[in-house]
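What follows is input.txt (compact mmCIF, C-alpha atoms and all ligand atoms).
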```
# COMPACT_ATOMS: atom_id res chain seq x y z
CA MET Y 1 256.58 81.61 96.44
CA ILE Y 2 257.25 78.33 94.65
CA ILE Y 3 260.31 78.00 92.41
CA ALA Y 4 260.33 74.99 90.05
CA VAL Y 5 263.63 73.97 88.49
CA ASP Y 6 263.42 71.15 85.94
CA GLY Y 7 265.90 69.69 83.51
CA PRO Y 8 267.96 66.66 82.55
CA THR Y 9 270.86 65.08 84.44
CA ALA Y 10 273.98 67.21 84.88
CA SER Y 11 272.33 70.29 83.37
CA GLY Y 12 273.25 72.26 86.48
CA LYS Y 13 269.72 72.32 87.87
CA GLY Y 14 270.79 71.10 91.34
CA THR Y 15 273.43 73.83 91.73
CA ILE Y 16 270.95 76.43 90.47
CA ALA Y 17 268.15 75.22 92.75
CA ARG Y 18 270.42 75.34 95.83
CA ALA Y 19 271.58 78.85 94.93
CA LEU Y 20 268.01 80.08 94.39
CA ALA Y 21 267.00 78.57 97.75
CA ALA Y 22 269.85 80.46 99.46
CA ARG Y 23 269.12 83.72 97.59
CA PHE Y 24 265.39 83.71 98.41
CA ARG Y 25 265.78 81.98 101.81
CA LEU Y 26 263.52 79.08 100.89
CA PRO Y 27 263.71 75.38 101.78
CA HIS Y 28 264.90 73.15 98.93
CA LEU Y 29 263.89 69.63 97.89
CA ASP Y 30 265.97 67.63 95.40
CA THR Y 31 263.19 65.34 94.14
CA GLY Y 32 265.64 63.19 92.17
CA LEU Y 33 266.90 61.88 95.53
CA LEU Y 34 263.46 60.41 96.24
CA TYR Y 35 263.50 58.43 92.98
CA ARG Y 36 267.10 57.43 93.66
CA ALA Y 37 266.09 56.14 97.12
CA VAL Y 38 263.28 54.09 95.54
CA GLY Y 39 265.72 52.63 92.98
CA ARG Y 40 268.24 51.80 95.69
CA GLN Y 41 265.58 50.19 97.91
CA VAL Y 42 264.42 48.02 94.99
CA ALA Y 43 268.03 46.85 94.51
CA LEU Y 44 268.37 46.18 98.27
CA ASN Y 45 265.11 44.18 98.12
CA GLY Y 46 266.53 42.13 95.24
CA GLY Y 47 263.65 43.40 93.09
CA ASN Y 48 263.42 44.35 89.42
CA PRO Y 49 263.20 48.14 88.82
CA ASP Y 50 261.28 47.54 85.59
CA ASP Y 51 258.55 45.61 87.41
CA PRO Y 52 255.78 47.96 88.67
CA ALA Y 53 255.05 45.95 91.85
CA ASP Y 54 258.75 45.69 92.81
CA ALA Y 55 259.22 49.40 92.05
CA LEU Y 56 256.20 50.34 94.19
CA ALA Y 57 257.52 48.20 97.07
CA GLY Y 58 260.72 50.31 96.88
CA CYS Y 59 258.71 53.43 97.80
CA ASP Y 60 258.65 52.12 101.40
CA PHE Y 61 262.28 53.09 101.94
CA PRO Y 62 263.39 54.15 105.44
CA ASP Y 63 263.95 57.93 105.88
CA ARG Y 64 267.64 57.43 106.66
CA LEU Y 65 268.23 56.03 103.14
CA ILE Y 66 268.03 59.62 101.80
CA GLU Y 67 271.39 60.30 103.55
CA ASP Y 68 273.12 57.33 101.85
CA PRO Y 69 276.03 58.66 99.72
CA GLU Y 70 275.49 55.73 97.35
CA LEU Y 71 272.35 57.51 96.09
CA ARG Y 72 274.61 59.95 94.20
CA SER Y 73 276.17 57.16 92.11
CA GLU Y 74 275.54 56.74 88.37
CA GLU Y 75 274.13 53.30 89.12
CA CYS Y 76 271.44 54.76 91.41
CA GLY Y 77 270.71 57.44 88.80
CA GLY Y 78 270.00 54.69 86.27
CA LEU Y 79 267.83 52.74 88.75
CA ALA Y 80 265.95 55.96 89.58
CA SER Y 81 265.23 56.62 85.93
CA ARG Y 82 263.87 53.08 85.55
CA VAL Y 83 261.57 53.13 88.60
CA SER Y 84 260.38 56.65 87.74
CA VAL Y 85 258.67 55.34 84.58
CA HIS Y 86 255.94 53.62 86.64
CA PRO Y 87 252.85 55.76 87.31
CA GLU Y 88 252.31 53.96 90.65
CA VAL Y 89 255.75 55.14 91.84
CA ARG Y 90 255.07 58.72 90.71
CA ARG Y 91 251.71 58.64 92.53
CA ALA Y 92 253.31 57.30 95.71
CA LEU Y 93 255.88 60.14 95.73
CA TYR Y 94 253.39 62.89 94.76
CA GLU Y 95 251.99 63.84 98.20
CA LEU Y 96 255.40 64.32 99.80
CA GLN Y 97 256.56 66.60 96.98
CA ARG Y 98 253.26 68.47 96.79
CA SER Y 99 253.17 69.19 100.52
CA PHE Y 100 256.78 70.41 100.37
CA ALA Y 101 255.83 72.76 97.51
CA MET Y 102 252.84 74.06 99.51
CA ARG Y 103 254.85 74.97 102.61
CA ALA Y 104 253.86 78.34 104.03
CA GLY Y 105 256.45 80.82 102.80
CA GLY Y 106 257.30 78.81 99.72
CA ALA Y 107 259.91 76.35 98.51
CA VAL Y 108 262.35 75.48 95.74
CA LEU Y 109 262.01 72.02 94.16
CA ASP Y 110 264.16 70.58 91.43
CA GLY Y 111 263.37 67.58 89.27
CA ARG Y 112 261.76 66.65 85.97
CA ASP Y 113 258.05 67.42 86.40
CA ILE Y 114 257.90 70.14 89.05
CA GLY Y 115 256.59 72.88 86.75
CA THR Y 116 254.25 70.54 84.89
CA VAL Y 117 252.81 68.17 87.53
CA ILE Y 118 253.94 68.82 91.11
CA ALA Y 119 253.51 72.63 91.21
CA PRO Y 120 252.01 73.91 87.95
CA GLU Y 121 251.14 77.15 89.77
CA ALA Y 122 254.81 77.91 90.59
CA GLU Y 123 255.62 81.63 90.28
CA VAL Y 124 259.06 80.85 88.90
CA LYS Y 125 259.63 78.01 86.40
CA LEU Y 126 263.06 77.34 85.03
CA PHE Y 127 263.95 74.62 82.57
CA VAL Y 128 267.70 74.12 82.65
CA THR Y 129 269.36 72.45 79.67
CA ALA Y 130 272.86 71.86 78.31
CA SER Y 131 274.29 69.89 75.40
CA VAL Y 132 275.06 66.20 75.93
CA ALA Y 133 278.77 66.99 75.37
CA ALA Y 134 278.81 69.68 78.08
CA ARG Y 135 276.89 67.51 80.55
CA ALA Y 136 279.06 64.44 79.91
CA GLU Y 137 282.20 66.53 80.41
CA ARG Y 138 280.91 67.85 83.75
CA ARG Y 139 279.98 64.40 84.98
CA PHE Y 140 283.35 63.06 83.79
CA ARG Y 141 285.23 65.73 85.77
CA GLU Y 142 283.11 65.09 88.89
CA MET Y 143 283.85 61.39 88.70
CA GLN Y 144 287.55 61.95 88.11
CA ALA Y 145 287.63 64.19 91.20
CA GLN Y 146 286.08 61.30 93.16
CA GLY Y 147 288.85 59.03 91.89
CA ARG Y 148 286.48 56.92 89.78
CA SER Y 149 287.66 55.77 86.37
CA VAL Y 150 285.08 55.86 83.62
CA SER Y 151 285.28 56.80 79.96
CA LEU Y 152 283.77 60.01 78.64
CA ALA Y 153 282.08 58.05 75.85
CA ALA Y 154 280.44 55.68 78.36
CA ILE Y 155 279.15 58.63 80.39
CA ALA Y 156 277.74 60.33 77.27
CA ALA Y 157 276.00 57.10 76.19
CA ASP Y 158 274.53 56.64 79.65
CA LEU Y 159 273.27 60.26 79.77
CA GLU Y 160 271.62 59.89 76.39
CA ALA Y 161 269.92 56.64 77.37
CA ARG Y 162 268.63 58.23 80.59
CA ASP Y 163 267.42 61.36 78.72
CA ARG Y 164 265.58 59.21 76.19
CA ARG Y 165 263.83 57.22 78.93
CA ASP Y 166 262.91 60.37 80.92
CA ARG Y 167 261.64 62.25 77.84
CA THR Y 168 259.61 59.45 76.27
CA ARG Y 169 257.87 57.93 79.29
CA THR Y 170 254.09 58.20 79.20
CA THR Y 171 253.57 59.61 82.70
CA ALA Y 172 255.06 63.03 83.50
CA PRO Y 173 257.80 63.00 80.85
CA LEU Y 174 260.68 65.46 81.00
CA VAL Y 175 259.30 68.40 79.01
CA PRO Y 176 259.43 72.12 79.73
CA ALA Y 177 256.18 73.61 81.04
CA ALA Y 178 254.62 75.93 78.44
CA ASP Y 179 255.40 78.90 80.69
CA ALA Y 180 258.92 77.82 81.76
CA VAL Y 181 261.94 79.99 80.97
CA LEU Y 182 264.71 77.98 79.28
CA LEU Y 183 268.27 78.40 80.51
CA ASP Y 184 271.03 76.71 78.48
CA THR Y 185 274.12 76.29 80.65
CA SER Y 186 276.35 74.63 77.99
CA ASP Y 187 278.72 77.60 77.86
CA LEU Y 188 278.26 78.88 81.40
CA GLY Y 189 280.33 78.23 84.50
CA PRO Y 190 278.48 77.66 87.80
CA ALA Y 191 278.66 81.34 88.89
CA GLU Y 192 277.35 82.58 85.51
CA ALA Y 193 274.56 79.99 85.49
CA ILE Y 194 273.52 81.02 89.01
CA SER Y 195 273.49 84.75 88.11
CA ALA Y 196 271.42 84.04 85.00
CA ALA Y 197 268.95 81.95 87.04
CA ILE Y 198 268.61 84.65 89.72
CA ALA Y 199 267.97 87.27 87.01
CA ILE Y 200 265.25 85.06 85.44
CA ALA Y 201 263.66 84.43 88.86
CA GLU Y 202 263.62 88.15 89.71
CA ARG Y 203 262.01 88.97 86.36
CA SER Y 204 259.36 86.24 86.83
CA ILE Y 205 258.60 87.44 90.37
CA ALA Y 206 258.27 91.06 89.22
CA ARG Y 207 255.80 89.99 86.54
CA PHE Y 208 253.69 87.76 88.79
O1 LIG P 1 267.80 64.49 89.01
P1 LIG P 1 268.39 63.09 89.17
O2 LIG P 1 269.46 62.76 88.19
O3 LIG P 1 268.81 62.84 90.59
O4 LIG P 1 267.14 62.09 88.87
C1 LIG P 1 267.33 60.71 88.77
C2 LIG P 1 266.17 60.10 87.99
O5 LIG P 1 264.95 60.23 88.73
C3 LIG P 1 265.89 60.75 86.64
O6 LIG P 1 266.63 60.13 85.60
C4 LIG P 1 264.40 60.58 86.47
C5 LIG P 1 263.86 60.50 87.88
N1 LIG P 1 263.17 61.73 88.32
C6 LIG P 1 261.87 61.91 87.90
O7 LIG P 1 261.35 61.10 87.12
N2 LIG P 1 261.16 62.99 88.34
C7 LIG P 1 261.70 63.88 89.17
N3 LIG P 1 260.98 64.93 89.60
C8 LIG P 1 263.06 63.73 89.58
C9 LIG P 1 263.77 62.64 89.13
```
Output the file's structure in the form of structure tokens.
Amino acid sequence: MIIAVDGPTASGKGTIARALAARFRLPHLDTGLLYRAVGRQVALNGGNPDDPADALAGCDFPDRLIEDPELRSEECGGLASRVSVHPEVRRALYELQRSFAMRAGGAVLDGRDIGTVIAPEAEVKLFVTASVAARAERRFREMQAQGRSVSLAAIAADLEARDRRDRTRTTAPLVPAADAVLLDTSDLGPAEAISAAIAIAERSIARF
């Protein structure tokens, strides 16, 4: 069984994907981390994330880079969004994601194009959304807890810029698959969002 969880930054899709993986005992791949690793490698190479050749060169990152805590930073999120625009980068990362999705026994993948491009045959497709205000607030609290000082307005502006880039790119833009179930987490806490996602997954599985 393949479970695809797509949605914008800070929508709660990562928390939901991890919970679904635990509930259905499936391996989980956070595909955003791959794009973040490419963005980080481009920066380490001194390259330009907007240049297709530099961005493609970043796809040759060493495996251990995936463990780098720096990948979780806002800066790496921005770099990831920029390198992810290039079709050559998306092609280079396709096989790894596709073979993870095709694992015997199934898998949970979260990202932007799992239900549309990587695993269009997924039995469960969730598109997780939340208002910009709710997502900015979450990110703000996370960053405060890490002792980082940033303004809520700056976070909201950054989220909106990233959303715009992810939604308007030509290759594999962030759009819900026609058969995805939408889950708006704006007014839900993590436990409520997880319960709602499990209920949606169980209904989709029963129907399949
Ligand atoms: O989910 P995230 O915030 O870690 O993703 C970072 C960026 O990577 C996101 O802004 C766009 C890109 N991305 C993508 O284009 N396709 C994916 N499947 C996952 C992430």
Give me, as a PyMOL selection string, the set of residues whose atoms come within 8 Å of any atom of ligand LIG 1 (chain P), counting only C-alpha atoms and all ligand atoms. chain Y and resi 6-10+14+30-36+72+76-85+90+110-114+162-163+165-166+172-174
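Separating CA of His28 (chain Y) from CA of Val181 (chain Y) is a distance of 19.4 Å.
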Quick one, how far is CA of Leu96 (chain Y) from CA of Gly46 (chain Y)?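 Result for CA of Leu96 (chain Y) versus CA of Gly46 (chain Y): 25.2 Å, one decimal.
In this comparison, which uses all atoms listed in the file, the residue of Y:Ala156, Y:Ala92, Y:Ile3, Y:Ile194 approaching Pro27 (chain Y) most closely is Y:Ile3.
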Out of Y:Leu159, Y:Val175, Y:Phe127, Y:Pro52, which residue has the shortest atom-to-atom distance to Arg139 (chain Y) when counting all atoms listed in the file?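 Of Y:Leu159, Y:Val175, Y:Phe127, Y:Pro52, the one nearest Arg139 (chain Y), counting all atoms listed in the file, is Y:Leu159.
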CA of His86 (chain Y) and CA of Glu123 (chain Y), how far apart in Å?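 Result for CA of Glu123 (chain Y) versus CA of His86 (chain Y): 28.2 Å, one decimal.
Each of Y:Arg18, Y:Arg98, Y:Arg64, Y:Thr170 was compared to Pro120 (chain Y) using only C-alpha atoms, and Y:Arg98 turns out to be the nearest.
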Using all atoms listed in the file, which of the listed residues (Y:Ile66, Y:Ala22, Y:Ile2, Y:Glu88) sits closest to Asp51 (chain Y)? Y:Glu88
Applying 12 Å and only C-alpha atoms, which residues near Ala191 (chain Y) remain after dropping the ones on its own chain fewer than 6 positions away? List them as a list in words. Gly12, Thr15, Ile16, Ala19, Thr185, Ala197 and Ile198 of chain Y
Counting only C-alpha atoms, which residues have an atom no more than 12 Å from (255.3, 77.8, 104.7) in the file's coordinates? Please list them as a PyMOL selection string. chain Y and resi 1-2+25-27+99-108
Incomplete region 175-186 of chain Y brought to all heavy atoms, written out as an mmCIF file, in the coordinates of the input:
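Final output, result.cif:
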```cif
data_model
loop_
_atom_site.group_PDB
_atom_site.id
_atom_site.type_symbol
_atom_site.label_atom_id
_atom_site.label_comp_id
_atom_site.auth_asym_id
_atom_site.auth_seq_id
_atom_site.Cartn_x
_atom_site.Cartn_y
_atom_site.Cartn_z
ATOM 1 N N VAL Y 175 259.564 67.377 80.040
ATOM 2 C CA VAL Y 175 259.300 68.400 79.010
ATOM 3 C C VAL Y 175 259.183 69.741 79.732
ATOM 4 O O VAL Y 175 258.699 69.797 80.858
ATOM 5 C CB VAL Y 175 257.975 68.192 78.227
ATOM 6 C CG1 VAL Y 175 258.092 67.143 77.173
ATOM 7 C CG2 VAL Y 175 256.808 67.926 79.167
ATOM 8 N N PRO Y 176 259.593 70.830 79.072
ATOM 9 C CA PRO Y 176 259.430 72.120 79.730
ATOM 10 C C PRO Y 176 257.955 72.482 79.833
ATOM 11 O O PRO Y 176 257.191 72.199 78.902
ATOM 12 C CB PRO Y 176 260.149 73.110 78.793
ATOM 13 C CG PRO Y 176 260.815 72.297 77.736
ATOM 14 C CD PRO Y 176 260.248 70.926 77.757
ATOM 15 N N ALA Y 177 257.544 73.086 80.933
ATOM 16 C CA ALA Y 177 256.180 73.610 81.040
ATOM 17 C C ALA Y 177 256.055 74.714 79.987
ATOM 18 O O ALA Y 177 257.051 75.356 79.623
ATOM 19 C CB ALA Y 177 255.974 74.188 82.440
ATOM 20 N N ALA Y 178 254.833 74.932 79.494
ATOM 21 C CA ALA Y 178 254.620 75.930 78.440
ATOM 22 C C ALA Y 178 255.114 77.304 78.878
ATOM 23 O O ALA Y 178 255.604 78.088 78.064
ATOM 24 C CB ALA Y 178 253.149 75.980 78.080
ATOM 25 N N ASP Y 179 255.013 77.575 80.201
ATOM 26 C CA ASP Y 179 255.400 78.900 80.690
ATOM 27 C C ASP Y 179 256.765 78.889 81.398
ATOM 28 O O ASP Y 179 257.087 79.812 82.153
ATOM 29 C CB ASP Y 179 254.315 79.450 81.635
ATOM 30 C CG ASP Y 179 253.929 78.456 82.733
ATOM 31 O OD1 ASP Y 179 254.363 77.279 82.661
ATOM 32 O OD2 ASP Y 179 253.201 78.845 83.657
ATOM 33 N N ALA Y 180 257.583 77.853 81.138
ATOM 34 C CA ALA Y 180 258.920 77.820 81.760
ATOM 35 C C ALA Y 180 259.893 78.687 80.952
ATOM 36 O O ALA Y 180 259.736 78.844 79.744
ATOM 37 C CB ALA Y 180 259.437 76.381 81.798
ATOM 38 N N VAL Y 181 260.872 79.243 81.646
ATOM 39 C CA VAL Y 181 261.940 79.990 80.970
ATOM 40 C C VAL Y 181 263.113 79.031 80.786
ATOM 41 O O VAL Y 181 263.536 78.366 81.741
ATOM 42 C CB VAL Y 181 262.381 81.212 81.807
ATOM 43 C CG1 VAL Y 181 263.507 81.969 81.103
ATOM 44 C CG2 VAL Y 181 261.206 82.129 82.074
ATOM 45 N N LEU Y 182 263.606 78.910 79.547
ATOM 46 C CA LEU Y 182 264.710 77.980 79.280
ATOM 47 C C LEU Y 182 266.042 78.654 79.596
ATOM 48 O O LEU Y 182 266.255 79.821 79.272
ATOM 49 C CB LEU Y 182 264.721 77.568 77.801
ATOM 50 C CG LEU Y 182 263.496 76.848 77.255
ATOM 51 C CD1 LEU Y 182 263.797 76.268 75.869
ATOM 52 C CD2 LEU Y 182 263.046 75.718 78.187
ATOM 53 N N LEU Y 183 266.917 77.895 80.234
ATOM 54 C CA LEU Y 183 268.270 78.400 80.510
ATOM 55 C C LEU Y 183 269.266 77.329 80.049
ATOM 56 O O LEU Y 183 269.307 76.235 80.612
ATOM 57 C CB LEU Y 183 268.426 78.679 82.017
ATOM 58 C CG LEU Y 183 269.831 79.052 82.495
ATOM 59 C CD1 LEU Y 183 270.353 80.301 81.791
ATOM 60 C CD2 LEU Y 183 269.840 79.287 84.007
ATOM 61 N N ASP Y 184 270.025 77.647 79.008
ATOM 62 C CA ASP Y 184 271.030 76.710 78.480
ATOM 63 C C ASP Y 184 272.374 77.018 79.134
ATOM 64 O O ASP Y 184 272.916 78.111 78.975
ATOM 65 C CB ASP Y 184 271.127 76.865 76.955
ATOM 66 C CG ASP Y 184 272.005 75.790 76.326
ATOM 67 O OD1 ASP Y 184 272.974 75.338 76.994
ATOM 68 O OD2 ASP Y 184 271.729 75.390 75.183
ATOM 69 N N THR Y 185 272.889 76.054 79.896
ATOM 70 C CA THR Y 185 274.120 76.290 80.650
ATOM 71 C C THR Y 185 275.361 75.720 79.958
ATOM 72 O O THR Y 185 276.430 75.674 80.569
ATOM 73 C CB THR Y 185 274.017 75.684 82.077
ATOM 74 O OG1 THR Y 185 273.913 74.248 81.950
ATOM 75 C CG2 THR Y 185 272.826 76.216 82.834
ATOM 76 N N SER Y 186 275.215 75.280 78.675
ATOM 77 C CA SER Y 186 276.350 74.630 77.990
ATOM 78 C C SER Y 186 277.641 75.443 78.075
ATOM 79 O O SER Y 186 278.710 74.892 78.298
ATOM 80 C CB SER Y 186 276.041 74.406 76.506
ATOM 81 O OG SER Y 186 274.875 73.666 76.355
#
```
